[in-house]
$ cat work-v5.cif   # mmCIF, C-alpha atoms
data_data
loop_
_atom_site.group_PDB
_atom_site.id
_atom_site.type_symbol
_atom_site.label_atom_id
_atom_site.label_comp_id
_atom_site.auth_asym_id
_atom_site.auth_seq_id
_atom_site.Cartn_x
_atom_site.Cartn_y
_atom_site.Cartn_z
ATOM 1 C CA MET A 1 0.000 0.000 0.000
ATOM 2 C CA ALA A 2 2.793 2.431 0.837
ATOM 3 C CA ASP A 3 4.420 1.718 -2.533
ATOM 4 C CA ASP A 4 1.226 2.751 -4.314
ATOM 5 C CA ALA A 5 1.019 6.035 -2.434
ATOM 6 C CA LEU A 6 4.673 6.799 -3.149
ATOM 7 C CA PHE A 7 4.258 6.062 -6.855
ATOM 8 C CA GLU A 8 1.129 8.260 -7.046
ATOM 9 C CA PHE A 9 2.867 11.095 -5.199
ATOM 10 C CA LEU A 10 5.971 10.808 -7.391
ATOM 11 C CA HIS A 11 3.783 10.887 -10.501
ATOM 12 C CA MET A 12 1.881 13.992 -9.340
ATOM 13 C CA GLU A 13 5.130 15.793 -8.475
ATOM 14 C CA MET A 14 6.713 14.783 -11.775
ATOM 15 C CA VAL A 15 3.762 16.239 -13.712
ATOM 16 C CA ALA A 16 3.816 19.426 -11.623
ATOM 17 C CA HIS A 17 7.583 19.825 -12.107
ATOM 18 C CA VAL A 18 7.442 19.382 -15.891
ATOM 19 C CA TYR A 19 4.609 21.906 -16.202
ATOM 20 C CA LYS A 20 6.321 24.395 -13.890
ATOM 21 C CA GLU A 21 9.617 24.172 -15.804
ATOM 22 C CA GLN A 22 7.915 24.612 -19.174
ATOM 23 C CA ALA A 23 5.753 27.509 -17.963
ATOM 24 C CA ALA A 24 8.880 29.544 -17.394
ATOM 25 C CA ARG A 25 10.076 28.896 -20.972
ATOM 26 C CA THR A 26 7.177 28.902 -23.416
ATOM 27 C CA GLU A 27 3.735 30.187 -24.308
ATOM 28 C CA MET A 28 0.623 28.534 -22.864
ATOM 29 C CA GLU A 29 -0.564 26.493 -25.898
ATOM 30 C CA GLN A 30 2.893 25.354 -26.844
ATOM 31 C CA GLU A 31 3.565 24.595 -23.179
ATOM 32 C CA ARG A 32 0.787 21.998 -22.930
ATOM 33 C CA SER A 33 1.899 19.978 -25.962
ATOM 34 C CA THR A 34 5.558 20.175 -24.937
ATOM 35 C CA CYS A 35 4.781 18.960 -21.420
ATOM 36 C CA VAL A 36 2.659 16.093 -22.701
ATOM 37 C CA SER A 37 5.517 15.095 -25.040
ATOM 38 C CA ILE A 38 8.077 15.208 -22.223
ATOM 39 C CA LEU A 39 5.899 13.118 -19.890
ATOM 40 C CA GLU A 40 5.060 10.645 -22.657
ATOM 41 C CA GLY A 41 8.768 10.266 -23.446
ATOM 42 C CA MET A 42 9.581 9.629 -19.806
ATOM 43 C CA GLY A 43 6.855 6.984 -19.670
ATOM 44 C CA PHE A 44 8.137 5.426 -22.897
ATOM 45 C CA ARG A 45 11.589 4.847 -21.417
ATOM 46 C CA VAL A 46 10.193 3.493 -18.145
ATOM 47 C CA GLY A 47 7.828 1.186 -20.061
ATOM 48 C CA GLN A 48 10.732 -0.198 -22.080
ATOM 49 C CA GLY A 49 12.678 -1.009 -18.932
ATOM 50 C CA LEU A 50 9.750 -2.473 -17.021
ATOM 51 C CA ILE A 51 8.660 -4.792 -19.809
ATOM 52 C CA GLU A 52 12.171 -6.258 -20.004
ATOM 53 C CA ARG A 53 12.033 -7.173 -16.349
ATOM 54 C CA ILE A 54 8.437 -8.453 -16.421
ATOM 55 C CA THR A 55 8.853 -10.644 -19.523
ATOM 56 C CA LYS A 56 12.240 -12.187 -18.734
ATOM 57 C CA ASP A 57 10.658 -15.593 -17.906
ATOM 58 C CA THR A 58 7.728 -15.348 -20.314
ATOM 59 C CA PRO A 59 7.545 -17.365 -23.546
ATOM 60 C CA SER A 60 7.221 -15.379 -26.776
ATOM 61 C CA PHE A 61 3.811 -14.165 -27.909
ATOM 62 C CA LYS A 62 1.890 -15.562 -30.902
ATOM 63 C CA ASP A 63 0.273 -12.362 -32.100
ATOM 64 C CA ASP A 64 -0.721 -8.799 -31.248
ATOM 65 C CA LEU A 65 -3.764 -9.932 -29.266
ATOM 66 C CA ASP A 66 -1.598 -12.070 -26.963
ATOM 67 C CA VAL A 67 0.683 -9.093 -26.372
ATOM 68 C CA MET A 68 -2.287 -6.872 -25.526
ATOM 69 C CA LYS A 69 -3.703 -9.483 -23.136
ATOM 70 C CA PHE A 70 -0.324 -9.578 -21.411
ATOM 71 C CA ILE A 71 -0.310 -5.764 -21.142
ATOM 72 C CA CYS A 72 -3.843 -5.792 -19.684
ATOM 73 C CA LYS A 73 -3.083 -8.455 -17.099
ATOM 74 C CA ASP A 74 0.536 -8.867 -16.048
ATOM 75 C CA PHE A 75 1.950 -5.467 -17.035
ATOM 76 C CA TRP A 76 -0.964 -3.512 -15.566
ATOM 77 C CA ILE A 77 -0.909 -5.561 -12.340
ATOM 78 C CA ASN A 78 2.815 -4.884 -11.911
ATOM 79 C CA ILE A 79 2.309 -1.146 -12.218
ATOM 80 C CA PHE A 80 -1.191 -0.395 -10.885
ATOM 81 C CA ARG A 81 -1.931 -3.501 -8.753
ATOM 82 C CA LYS A 82 -5.007 -4.421 -10.798
ATOM 83 C CA GLN A 83 -5.952 -5.685 -14.244
ATOM 84 C CA ILE A 84 -7.512 -3.595 -16.973
ATOM 85 C CA ASP A 85 -11.282 -3.857 -16.579
ATOM 86 C CA ASN A 86 -12.102 -4.258 -20.261
ATOM 87 C CA LEU A 87 -10.202 -4.952 -23.491
ATOM 88 C CA ARG A 88 -11.869 -4.458 -26.861
ATOM 89 C CA THR A 89 -10.495 -4.815 -30.355
ATOM 90 C CA ASN A 90 -11.640 -4.481 -33.943
ATOM 91 C CA HIS A 91 -9.155 -7.252 -34.938
ATOM 92 C CA GLN A 92 -7.460 -4.792 -37.288
ATOM 93 C CA GLY A 93 -4.847 -3.389 -34.934
ATOM 94 C CA THR A 94 -6.949 -1.107 -32.748
ATOM 95 C CA TYR A 95 -7.417 -1.921 -29.072
ATOM 96 C CA VAL A 96 -9.320 -0.077 -26.348
ATOM 97 C CA LEU A 97 -8.235 -0.710 -22.765
ATOM 98 C CA GLN A 98 -10.669 0.529 -20.140
ATOM 99 C CA ASP A 99 -9.748 1.060 -16.501
ATOM 100 C CA ASN A 100 -12.829 2.009 -14.501
ATOM 101 C CA LYS A 101 -10.822 3.197 -11.500
ATOM 102 C CA PHE A 102 -7.506 4.415 -12.878
ATOM 103 C CA ALA A 103 -5.097 4.766 -9.975
ATOM 104 C CA LEU A 104 -3.458 7.994 -11.132
ATOM 105 C CA LEU A 105 -6.818 9.777 -11.371
ATOM 106 C CA THR A 106 -8.647 8.468 -8.288
ATOM 107 C CA GLN A 107 -6.681 10.490 -5.760
ATOM 108 C CA PHE A 108 -7.615 13.906 -7.091
ATOM 109 C CA SER A 109 -11.059 13.521 -8.602
ATOM 110 C CA ASN A 110 -14.243 11.530 -8.556
ATOM 111 C CA GLY A 111 -16.613 13.283 -10.922
ATOM 112 C CA LYS A 112 -16.194 15.954 -13.572
ATOM 113 C CA GLN A 113 -14.619 18.838 -11.632
ATOM 114 C CA TYR A 114 -11.041 18.314 -12.919
ATOM 115 C CA MET A 115 -11.709 16.977 -16.418
ATOM 116 C CA GLU A 116 -9.515 19.586 -18.117
ATOM 117 C CA GLU A 117 -6.557 18.543 -15.938
ATOM 118 C CA ALA A 118 -6.818 14.803 -16.728
ATOM 119 C CA PRO A 119 -4.768 14.688 -19.979
ATOM 120 C CA LYS A 120 -1.557 15.789 -18.300
ATOM 121 C CA TYR A 121 -1.908 12.960 -15.771
ATOM 122 C CA LEU A 122 -2.378 10.380 -18.545
ATOM 123 C CA ALA A 123 0.613 11.222 -20.759
ATOM 124 C CA PHE A 124 3.114 9.249 -18.663
ATOM 125 C CA SER A 125 0.848 6.174 -18.689
ATOM 126 C CA CYS A 126 0.394 6.385 -22.466
ATOM 127 C CA GLY A 127 4.169 6.411 -22.735
ATOM 128 C CA LEU A 128 4.434 3.387 -20.435
ATOM 129 C CA VAL A 129 2.188 1.347 -22.700
ATOM 130 C CA ARG A 130 3.848 2.575 -25.900
ATOM 131 C CA GLY A 131 7.329 1.829 -24.507
ATOM 132 C CA ALA A 132 6.326 -1.664 -23.399
ATOM 133 C CA LEU A 133 4.810 -2.426 -26.795
ATOM 134 C CA SER A 134 7.859 -1.027 -28.572
ATOM 135 C CA ASN A 135 10.158 -3.349 -26.652
ATOM 136 C CA LEU A 136 7.871 -6.250 -27.580
ATOM 137 C CA GLY A 137 8.283 -5.366 -31.258
ATOM 138 C CA LEU A 138 5.069 -3.404 -31.850
ATOM 139 C CA ASP A 139 5.130 0.222 -32.978
ATOM 140 C CA SER A 140 1.986 1.924 -31.746
ATOM 141 C CA VAL A 141 0.153 5.145 -31.068
ATOM 142 C CA VAL A 142 -1.383 5.301 -27.594
ATOM 143 C CA THR A 143 -3.938 7.919 -26.607
ATOM 144 C CA ALA A 144 -6.137 8.254 -23.558
ATOM 145 C CA GLU A 145 -9.514 9.834 -22.928
ATOM 146 C CA VAL A 146 -11.579 10.458 -19.849
ATOM 147 C CA SER A 147 -15.326 10.866 -20.007
ATOM 148 C CA ASN A 148 -16.008 10.417 -16.296
ATOM 149 C CA MET A 149 -13.308 10.484 -13.646
ATOM 150 C CA PRO A 150 -11.620 8.247 -12.515
ATOM 151 C CA SER A 151 -12.551 5.995 -15.455
ATOM 152 C CA CYS A 152 -10.109 6.098 -18.361
ATOM 153 C CA LYS A 153 -9.891 4.547 -21.840
ATOM 154 C CA PHE A 154 -6.571 3.979 -23.553
ATOM 155 C CA GLN A 155 -6.724 3.522 -27.310
ATOM 156 C CA VAL A 156 -3.813 1.597 -28.805
ATOM 157 C CA VAL A 157 -3.372 1.582 -32.576
ATOM 158 C CA ILE A 158 -0.704 -0.861 -33.751
ATOM 159 C CA GLN A 159 1.254 0.566 -36.675
ATOM 160 C CA LYS A 160 1.662 -1.960 -39.480
ATOM 161 C CA THR A 161 5.043 -1.811 -41.202
#

$ encode --input "work-v5.cif" --output "structure tokens"
Amino acid sequence: MADDALFEFLHMEMVAHVYKEQAARTEMEQERSTCVSILEGMGFRVGQGLIERITKDTPSFKDDLDVMKFICKDFWINIFRKQIDNLRTNHQGTYVLQDNKFALLTQFSNGKQYMEEAPKYLAFSCGLVRGALSNLGLDSVVTAEVSNMPSCKFQVVIQKT
């Protein structure tokens, strides 16, 4: 339990620090996209490292769906102490992962009062997923949306090469 609180606090402080540093350097609109990019990049690197450790004793995956199932179960449990609540796919490379009680949003909102603040708290997590998938050999685009806090949907589009 203490580990979860420390991770959540570190994440909140990391987001605040990145936004504070960028506010001193750039204009408001450019600031938001720059901060999201920085946080997503940080998450990407962390995701790459974590997936190496988590998959060291795991046999190789058959296809993209097996990889996504692994992300939804084992990877998510290692980071957020719970599985993804719902995984949907169109079987053409697009996956939607739904977490009904996303850990990094539950501590500061339950409702719609901080909806405009949610994207900056999701960028790191999008990077985590993208980094993990990259290290498993899948190039992807990961986006997140929040319609009702603390529920969150991550959309993963696998890039075909």

$ closest_atom_pairs --input "work-v5.cif" --of "stretch 59-124 of chain A" --to "stretch 30-45 of chain A" --cutoff "9 Å" --atoms "all atoms listed in the file" --output "CSV"
residue,atom,partner,partner_atom,distance
A:Pro119,CA,A:Val36,CA,8.0
A:Lys120,CA,A:Val36,CA,6.1
A:Tyr121,CA,A:Leu39,CA,8.8
A:Leu122,CA,A:Glu40,CA,8.5
A:Ala123,CA,A:Glu40,CA,4.9
A:Phe124,CA,A:Gly43,CA,4.5

$ residues_around --input "work-v5.cif" --residues "A:Asn100" --least-positions-apart "2" --cutoff "7 Å" --atoms "only C-alpha atoms" --output "list in words"
Asp85, Gln98, Phe102, Pro150, Ser151 and Cys152 of chain A

$ closest_residue --input "work-v5.cif" --among "A:Gln107, A:Ser125, A:Ser60, A:Gln92" --to "A:Ile79" --atoms "only C-alpha atoms"
A:Ser125

$ axis_aligned_box --input "work-v5.cif" --around "stretch 85-94 of chain A" --padding-each-side "6 Å" --output "JSON"
{"center_x": -8.5, "center_y": -4.2, "center_z": -26.9, "size_x": 19.3, "size_y": 18.1, "size_z": 32.7}

$ resolve_selection --input "work-v5.cif" --expression "the PyMOL selection byres ((chain A and resi 115) around 8)" --output "JSON, numbers by chain"
{"A": [112, 113, 114, 116, 117, 118, 146, 147, 148, 149]}

$ residues_around --input "work-v5.cif" --residues "stretch 62-74 of chain A" --least-positions-apart "3" --cutoff "12 Å" --atoms "only C-alpha atoms" --output "ChimeraX atom specification"
/A:47,50-51,53-55,58-59,77-99,128-140,154-160

$ atom_distance --input "work-v5.cif" --atom1 "atom CA of A:Val15" --atom2 "atom CA of A:Ala103"
15.0 Å

$ atom_distance --input "work-v5.cif" --atom1 "atom CA of A:Lys56" --atom2 "atom CA of A:Leu6"
25.7 Å
